[in-house]
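Pasted below: target.cif, mmCIF, N, CA and C atoms and all ligand atoms.
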```
data_query
#
loop_
_atom_site.label_atom_id
_atom_site.label_comp_id
_atom_site.auth_asym_id
_atom_site.auth_seq_id
_atom_site.Cartn_x
_atom_site.Cartn_y
_atom_site.Cartn_z
N MET N 1 96.81 95.48 111.58
CA MET N 1 96.60 96.10 110.28
C MET N 1 95.29 95.61 109.68
N ALA N 2 94.53 96.50 109.12
CA ALA N 2 93.25 96.12 108.52
C ALA N 2 93.49 95.24 107.29
N ARG N 3 92.63 94.29 107.11
CA ARG N 3 92.76 93.40 105.97
C ARG N 3 91.73 93.76 104.92
N THR N 4 92.04 93.44 103.68
CA THR N 4 91.13 93.76 102.59
C THR N 4 90.34 92.53 102.22
N LEU N 5 89.02 92.65 102.32
CA LEU N 5 88.16 91.53 101.95
C LEU N 5 88.16 91.34 100.45
N LYS N 6 88.18 90.09 100.06
CA LYS N 6 88.05 89.79 98.64
C LYS N 6 86.62 89.38 98.32
N ASN N 7 86.01 88.72 99.29
CA ASN N 7 84.63 88.31 99.10
C ASN N 7 83.89 88.34 100.43
N LYS N 8 82.67 88.82 100.39
CA LYS N 8 81.84 88.87 101.59
C LYS N 8 80.40 88.68 101.16
N GLU N 9 79.86 87.54 101.51
CA GLU N 9 78.46 87.26 101.18
C GLU N 9 77.73 86.90 102.45
N LEU N 10 76.84 87.75 102.85
CA LEU N 10 76.06 87.48 104.05
C LEU N 10 74.60 87.33 103.64
N ILE N 11 74.00 86.21 104.02
CA ILE N 11 72.59 86.00 103.73
C ILE N 11 71.82 85.90 105.04
N ASN N 12 70.84 86.77 105.20
CA ASN N 12 70.02 86.83 106.43
C ASN N 12 70.86 86.99 107.69
N THR N 13 72.04 87.55 107.53
CA THR N 13 73.01 87.62 108.62
C THR N 13 73.66 88.99 108.64
N ARG N 14 74.00 89.46 109.83
CA ARG N 14 74.64 90.75 110.00
C ARG N 14 75.87 90.57 110.88
N LEU N 15 76.91 91.33 110.56
CA LEU N 15 78.14 91.29 111.35
C LEU N 15 78.32 92.64 112.03
N ALA N 16 78.84 92.64 113.28
CA ALA N 16 78.99 93.88 114.03
C ALA N 16 80.03 94.81 113.39
N THR N 17 81.09 94.23 112.85
CA THR N 17 82.08 95.07 112.17
C THR N 17 82.26 94.52 110.75
N ASN N 18 83.17 95.09 110.02
CA ASN N 18 83.32 94.72 108.60
C ASN N 18 83.52 93.22 108.39
N TYR N 19 84.41 92.62 109.17
CA TYR N 19 84.65 91.19 108.95
C TYR N 19 84.81 90.40 110.25
N GLY N 20 84.14 90.86 111.29
CA GLY N 20 84.20 90.10 112.53
C GLY N 20 83.26 90.65 113.59
N GLY N 21 83.43 90.15 114.78
CA GLY N 21 82.59 90.58 115.89
C GLY N 21 81.33 89.74 115.99
N TRP N 22 80.34 90.27 116.70
CA TRP N 22 79.10 89.54 116.89
C TRP N 22 78.38 89.34 115.57
N MET N 23 77.76 88.16 115.46
CA MET N 23 76.99 87.84 114.26
C MET N 23 75.52 87.77 114.66
N TYR N 24 74.68 88.35 113.85
CA TYR N 24 73.25 88.40 114.17
C TYR N 24 72.41 87.81 113.05
N CYS N 25 71.32 87.19 113.44
CA CYS N 25 70.29 86.77 112.48
C CYS N 25 69.49 88.01 112.11
N ASN N 26 69.29 88.24 110.83
CA ASN N 26 68.58 89.43 110.38
C ASN N 26 67.09 89.38 110.65
N LYS N 27 66.55 88.18 110.78
CA LYS N 27 65.10 88.07 110.97
C LYS N 27 64.68 88.38 112.40
N CYS N 28 65.39 87.78 113.38
CA CYS N 28 64.97 87.95 114.77
C CYS N 28 65.93 88.84 115.56
N ASN N 29 67.03 89.24 114.93
CA ASN N 29 68.02 90.12 115.55
C ASN N 29 68.76 89.51 116.74
N GLU N 30 68.62 88.22 116.93
CA GLU N 30 69.37 87.55 118.00
C GLU N 30 70.82 87.37 117.54
N ASN N 31 71.75 87.44 118.52
CA ASN N 31 73.13 87.12 118.15
C ASN N 31 73.28 85.62 118.11
N ILE N 32 73.91 85.14 117.08
CA ILE N 32 74.05 83.69 116.90
C ILE N 32 75.50 83.24 117.08
N GLY N 33 76.40 84.20 117.20
CA GLY N 33 77.79 83.82 117.39
C GLY N 33 78.72 85.00 117.37
N TYR N 34 80.00 84.69 117.47
CA TYR N 34 81.02 85.73 117.47
C TYR N 34 82.19 85.28 116.61
N LEU N 35 82.55 86.12 115.66
CA LEU N 35 83.66 85.78 114.76
C LEU N 35 84.90 86.59 115.16
N CYS N 36 85.98 85.88 115.45
CA CYS N 36 87.23 86.55 115.84
C CYS N 36 87.91 87.06 114.57
N TYR N 37 87.92 88.37 114.39
CA TYR N 37 88.32 88.89 113.07
C TYR N 37 89.81 88.80 112.75
N ALA N 38 90.65 88.62 113.73
CA ALA N 38 92.09 88.64 113.45
C ALA N 38 92.70 87.27 113.17
N THR N 39 91.95 86.19 113.44
CA THR N 39 92.59 84.88 113.43
C THR N 39 92.14 83.95 112.31
N TYR N 40 91.09 84.30 111.60
CA TYR N 40 90.65 83.38 110.53
C TYR N 40 91.09 83.90 109.17
N ASP N 41 91.20 82.98 108.23
CA ASP N 41 91.59 83.35 106.88
C ASP N 41 90.41 83.25 105.93
N LYS N 42 89.51 82.30 106.24
CA LYS N 42 88.32 82.13 105.43
C LYS N 42 87.21 81.51 106.28
N LEU N 43 86.01 82.00 106.09
CA LEU N 43 84.86 81.45 106.82
C LEU N 43 83.75 81.08 105.85
N GLU N 44 83.23 79.87 106.03
CA GLU N 44 82.01 79.47 105.34
C GLU N 44 81.08 78.91 106.39
N LEU N 45 79.94 79.56 106.55
CA LEU N 45 79.00 79.12 107.58
C LEU N 45 77.58 79.11 107.02
N ASN N 46 76.90 78.00 107.24
CA ASN N 46 75.47 77.91 106.94
C ASN N 46 74.80 77.49 108.23
N TYR N 47 73.69 78.12 108.56
CA TYR N 47 73.05 77.76 109.82
C TYR N 47 71.55 77.97 109.72
N LYS N 48 70.85 77.36 110.65
CA LYS N 48 69.42 77.62 110.79
C LYS N 48 69.19 78.18 112.17
N CYS N 49 68.73 79.40 112.22
CA CYS N 49 68.46 80.07 113.49
C CYS N 49 67.23 79.43 114.13
N ASN N 50 67.13 79.56 115.43
CA ASN N 50 65.96 79.03 116.14
C ASN N 50 64.65 79.67 115.69
N CYS N 51 64.73 80.87 115.10
CA CYS N 51 63.50 81.52 114.62
C CYS N 51 63.02 80.91 113.31
N GLY N 52 63.82 80.03 112.72
CA GLY N 52 63.41 79.36 111.49
C GLY N 52 64.15 79.89 110.27
N SER N 53 64.78 81.05 110.41
CA SER N 53 65.48 81.65 109.27
C SER N 53 66.79 80.91 109.00
N GLU N 54 67.07 80.73 107.72
CA GLU N 54 68.34 80.12 107.35
C GLU N 54 69.29 81.20 106.88
N GLY N 55 70.49 81.18 107.44
CA GLY N 55 71.46 82.22 107.10
C GLY N 55 72.79 81.62 106.72
N SER N 56 73.62 82.47 106.10
CA SER N 56 74.96 82.00 105.77
C SER N 56 75.92 83.17 105.70
N ALA N 57 77.20 82.84 105.81
CA ALA N 57 78.25 83.84 105.73
C ALA N 57 79.44 83.23 105.00
N LEU N 58 79.96 83.99 104.05
CA LEU N 58 81.17 83.58 103.34
C LEU N 58 82.09 84.79 103.31
N LEU N 59 83.28 84.64 103.88
CA LEU N 59 84.23 85.76 103.93
C LEU N 59 85.65 85.27 103.71
N TYR N 60 86.38 85.96 102.85
CA TYR N 60 87.81 85.74 102.77
C TYR N 60 88.49 86.99 102.24
N PHE N 61 89.81 87.01 102.34
CA PHE N 61 90.56 88.23 102.13
C PHE N 61 91.45 88.16 100.87
N GLU N 62 91.93 89.35 100.49
CA GLU N 62 92.86 89.43 99.35
C GLU N 62 94.07 88.53 99.57
N ASP N 63 94.55 88.49 100.81
CA ASP N 63 95.78 87.74 101.10
C ASP N 63 95.52 86.37 101.72
N SER N 64 94.27 85.89 101.65
CA SER N 64 93.99 84.56 102.18
C SER N 64 94.73 83.49 101.39
N LYS N 65 95.27 82.53 102.11
CA LYS N 65 95.95 81.42 101.44
C LYS N 65 94.96 80.27 101.28
N PRO N 66 95.18 79.45 100.25
CA PRO N 66 94.29 78.29 100.14
C PRO N 66 94.48 77.39 101.37
N GLY N 67 93.41 77.05 102.02
CA GLY N 67 93.52 76.24 103.23
C GLY N 67 93.80 74.78 102.92
N GLN N 68 94.33 74.10 103.92
CA GLN N 68 94.60 72.67 103.81
C GLN N 68 93.59 71.94 104.67
N ASP N 69 92.78 71.08 104.05
CA ASP N 69 91.75 70.38 104.83
C ASP N 69 92.37 69.56 105.94
N SER N 70 91.88 69.75 107.14
CA SER N 70 92.39 69.01 108.29
C SER N 70 91.33 68.02 108.77
N GLU N 71 91.79 66.86 109.19
CA GLU N 71 90.89 65.85 109.75
C GLU N 71 90.62 66.13 111.23
N ASN N 72 91.41 66.98 111.80
CA ASN N 72 91.28 67.25 113.23
C ASN N 72 90.06 68.10 113.53
N GLU N 73 89.60 67.97 114.75
CA GLU N 73 88.42 68.70 115.18
C GLU N 73 88.83 69.99 115.89
N LEU N 74 88.00 70.99 115.71
CA LEU N 74 88.20 72.22 116.47
C LEU N 74 88.06 71.91 117.95
N ILE N 75 88.83 72.58 118.77
CA ILE N 75 88.69 72.38 120.21
C ILE N 75 87.93 73.56 120.82
N ILE N 76 87.32 73.31 121.96
CA ILE N 76 86.54 74.37 122.60
C ILE N 76 87.29 74.87 123.82
N ILE N 77 87.60 76.15 123.81
CA ILE N 77 88.21 76.80 124.97
C ILE N 77 87.32 77.97 125.35
N LYS N 78 86.77 77.92 126.55
CA LYS N 78 85.87 78.98 127.02
C LYS N 78 84.80 79.33 126.00
N ASN N 79 84.05 78.32 125.55
CA ASN N 79 82.92 78.59 124.68
C ASN N 79 83.31 78.94 123.23
N ARG N 80 84.62 79.00 122.96
CA ARG N 80 85.06 79.42 121.63
C ARG N 80 85.68 78.24 120.89
N LEU N 81 85.34 78.11 119.62
CA LEU N 81 85.95 77.07 118.82
C LEU N 81 87.34 77.54 118.40
N CYS N 82 88.35 76.73 118.72
CA CYS N 82 89.74 77.13 118.52
C CYS N 82 90.47 76.11 117.66
N CYS N 83 91.54 76.58 117.02
CA CYS N 83 92.40 75.71 116.23
C CYS N 83 93.11 74.73 117.15
N PRO N 84 93.04 73.42 116.83
CA PRO N 84 93.66 72.42 117.71
C PRO N 84 95.19 72.44 117.62
N LYS N 85 95.72 73.11 116.61
CA LYS N 85 97.16 73.11 116.42
C LYS N 85 97.86 74.20 117.23
N ASP N 86 97.28 75.40 117.19
CA ASP N 86 97.93 76.52 117.87
C ASP N 86 97.03 77.23 118.87
N ASN N 87 95.84 76.62 119.12
CA ASN N 87 94.89 77.17 120.09
C ASN N 87 94.34 78.55 119.75
N GLU N 88 94.49 78.99 118.51
CA GLU N 88 93.95 80.29 118.13
C GLU N 88 92.42 80.26 118.24
N PRO N 89 91.82 81.23 118.91
CA PRO N 89 90.36 81.30 118.96
C PRO N 89 89.82 81.75 117.61
N LEU N 90 88.84 81.04 117.07
CA LEU N 90 88.37 81.36 115.72
C LEU N 90 86.93 81.90 115.70
N ILE N 91 86.04 81.16 116.34
CA ILE N 91 84.63 81.55 116.24
C ILE N 91 83.83 80.93 117.39
N THR N 92 82.80 81.62 117.79
CA THR N 92 81.83 81.05 118.73
C THR N 92 80.50 80.94 118.02
N ILE N 93 79.88 79.79 118.10
CA ILE N 93 78.51 79.63 117.61
C ILE N 93 77.66 79.35 118.84
N LEU N 94 76.65 80.14 119.05
CA LEU N 94 75.81 79.95 120.24
C LEU N 94 74.79 78.85 119.98
N ASP N 95 75.12 77.66 120.45
CA ASP N 95 74.29 76.48 120.18
C ASP N 95 72.83 76.68 120.58
N LYS N 96 72.61 77.48 121.62
CA LYS N 96 71.24 77.67 122.09
C LYS N 96 70.41 78.51 121.13
N LYS N 97 71.09 79.27 120.28
CA LYS N 97 70.37 80.16 119.36
C LYS N 97 70.22 79.55 117.97
N VAL N 98 70.99 78.52 117.72
CA VAL N 98 71.07 77.96 116.37
C VAL N 98 70.68 76.50 116.39
N GLY N 99 69.75 76.12 115.52
CA GLY N 99 69.30 74.74 115.48
C GLY N 99 70.37 73.81 114.95
N ASN N 100 70.85 74.13 113.77
CA ASN N 100 71.94 73.33 113.21
C ASN N 100 72.85 74.22 112.38
N TYR N 101 74.05 73.74 112.14
CA TYR N 101 74.96 74.54 111.33
C TYR N 101 76.03 73.69 110.68
N ASP N 102 76.62 74.29 109.69
CA ASP N 102 77.66 73.66 108.91
C ASP N 102 78.76 74.71 108.79
N LEU N 103 79.91 74.42 109.37
CA LEU N 103 80.97 75.42 109.47
C LEU N 103 82.25 74.91 108.82
N LYS N 104 82.89 75.81 108.09
CA LYS N 104 84.20 75.52 107.53
C LYS N 104 85.04 76.78 107.78
N ILE N 105 86.12 76.63 108.51
CA ILE N 105 86.90 77.82 108.84
C ILE N 105 88.39 77.51 108.73
N THR N 106 89.13 78.48 108.15
CA THR N 106 90.56 78.31 107.98
C THR N 106 91.30 79.22 108.96
N CYS N 107 92.23 78.62 109.69
CA CYS N 107 93.03 79.36 110.66
C CYS N 107 94.11 80.14 109.91
N LYS N 108 94.24 81.41 110.26
CA LYS N 108 95.20 82.27 109.55
C LYS N 108 96.64 81.86 109.88
N SER N 109 96.86 81.46 111.11
CA SER N 109 98.25 81.24 111.50
C SER N 109 98.83 79.92 110.97
N CYS N 110 97.99 78.87 110.79
CA CYS N 110 98.55 77.60 110.30
C CYS N 110 97.94 77.15 108.98
N SER N 111 96.94 77.88 108.46
CA SER N 111 96.29 77.59 107.17
C SER N 111 95.57 76.24 107.12
N ASN N 112 95.29 75.66 108.26
CA ASN N 112 94.47 74.45 108.26
C ASN N 112 92.99 74.83 108.22
N THR N 113 92.22 74.03 107.47
CA THR N 113 90.78 74.26 107.36
C THR N 113 90.04 73.19 108.15
N TYR N 114 89.17 73.62 109.04
CA TYR N 114 88.43 72.70 109.90
C TYR N 114 86.95 72.75 109.56
N LYS N 115 86.32 71.59 109.72
CA LYS N 115 84.90 71.49 109.45
C LYS N 115 84.16 71.05 110.69
N LYS N 116 82.98 71.59 110.86
CA LYS N 116 82.15 71.14 111.96
C LYS N 116 80.70 71.21 111.51
N THR N 117 79.98 70.11 111.69
CA THR N 117 78.59 70.07 111.29
C THR N 117 77.76 69.61 112.48
N ILE N 118 76.72 70.38 112.78
CA ILE N 118 75.80 70.00 113.85
C ILE N 118 74.41 69.86 113.20
N VAL N 119 73.83 68.69 113.34
CA VAL N 119 72.50 68.50 112.73
C VAL N 119 71.47 68.23 113.81
ZN ZN N 201 66.70 84.27 113.84
ZN ZN N 202 95.88 77.18 113.49
#
```

Produce structure tokens that represent the structure in this file.
Amino acid sequence: MARTLKNKELINTRLATNYGGWMYCNKCNENIGYLCYATYDKLELNYKCNCGSEGSALLYFEDSKPGQDSENELIIIKNRLCCPKDNEPLITILDKKVGNYDLKITCKSCSNTYKKTIV
């Protein structure tokens, strides 16, 4: 079932579909990652693309629940950052395309919020 976005702020960034799919840098048009649209509840991402452009994405839905900050780290399964609790695939950030990033993502199925910062 389609979800209703409550907030969507994309800066220098483009998404392939309304709230998921491939993510692109608007300056160089390179794909910088992939957002799994069915499994996240809220996304906050700030990054610096290799082209020098700084971009960000903030997305959440009408029915998003307030996330619970988790101390646990996202796990990587086949290049995808996944929830360590239920293995739900959440997002892929292509490290080779992005210099650094700051990610905060809430898993829809368990409402835990995970943070990952690469500097
Ligand atoms: Zn770029
Ligand atoms: Zn989860």

Using only N, CA and C atoms and all ligand atoms, which residues of the polymer chains come no farther than 7 Å from ligand ZN 201 (chain N)? I'd like the answer as number ranges by chain.
N: 24-30, 48-53

Given only N, CA and C atoms and all ligand atoms as the counted atoms, nearest of N:Val98, N:Lys78, N:Ile91, N:Thr39 to ligand ZN 202 (chain N):
N:Thr39

Counting only C-alpha atoms and all ligand atoms, which protein, DNA or RNA residues come within 9 Å of ligand ZN 202 (chain N), given as a list of chain:residue names?
N:Thr39, N:Tyr40, N:Cys82, N:Cys83, N:Pro84, N:Lys85, N:Asp86, N:Asn87, N:Glu88, N:Pro89, N:Leu90, N:Thr106, N:Cys107, N:Lys108, N:Ser109, N:Cys110, N:Ser111, N:Asn112, N:Thr113

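Distance-wise, atom CA of Trp22 of chain N and atom CA of Leu94 of chain N end up 10.7 Å apart.
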
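With all atoms listed in the file as the atoms that count, the minimum distance from Asp69 of chain N to the choices N:Asn31, N:Tyr114, N:Val119, N:Ala2 is reached by N:Tyr114.
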
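Reported to one decimal place, the separation of atom CA of Ile93 of chain N from atom CA of Ile32 of chain N is 6.1 Å.
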
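What separates atom N of Met1 of chain N from atom N of Gln68 of chain N is a distance of 22.8 Å.
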
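Residues of protein, DNA or RNA having at least one counted atom within 7 Å of (82.8, 82.5, 101.0), given all atoms listed in the file, are Asn7, Lys8, Glu9, Lys42, Leu43, Glu44, Leu45, Ala57, Leu58, Leu59 and Tyr60 of chain N.
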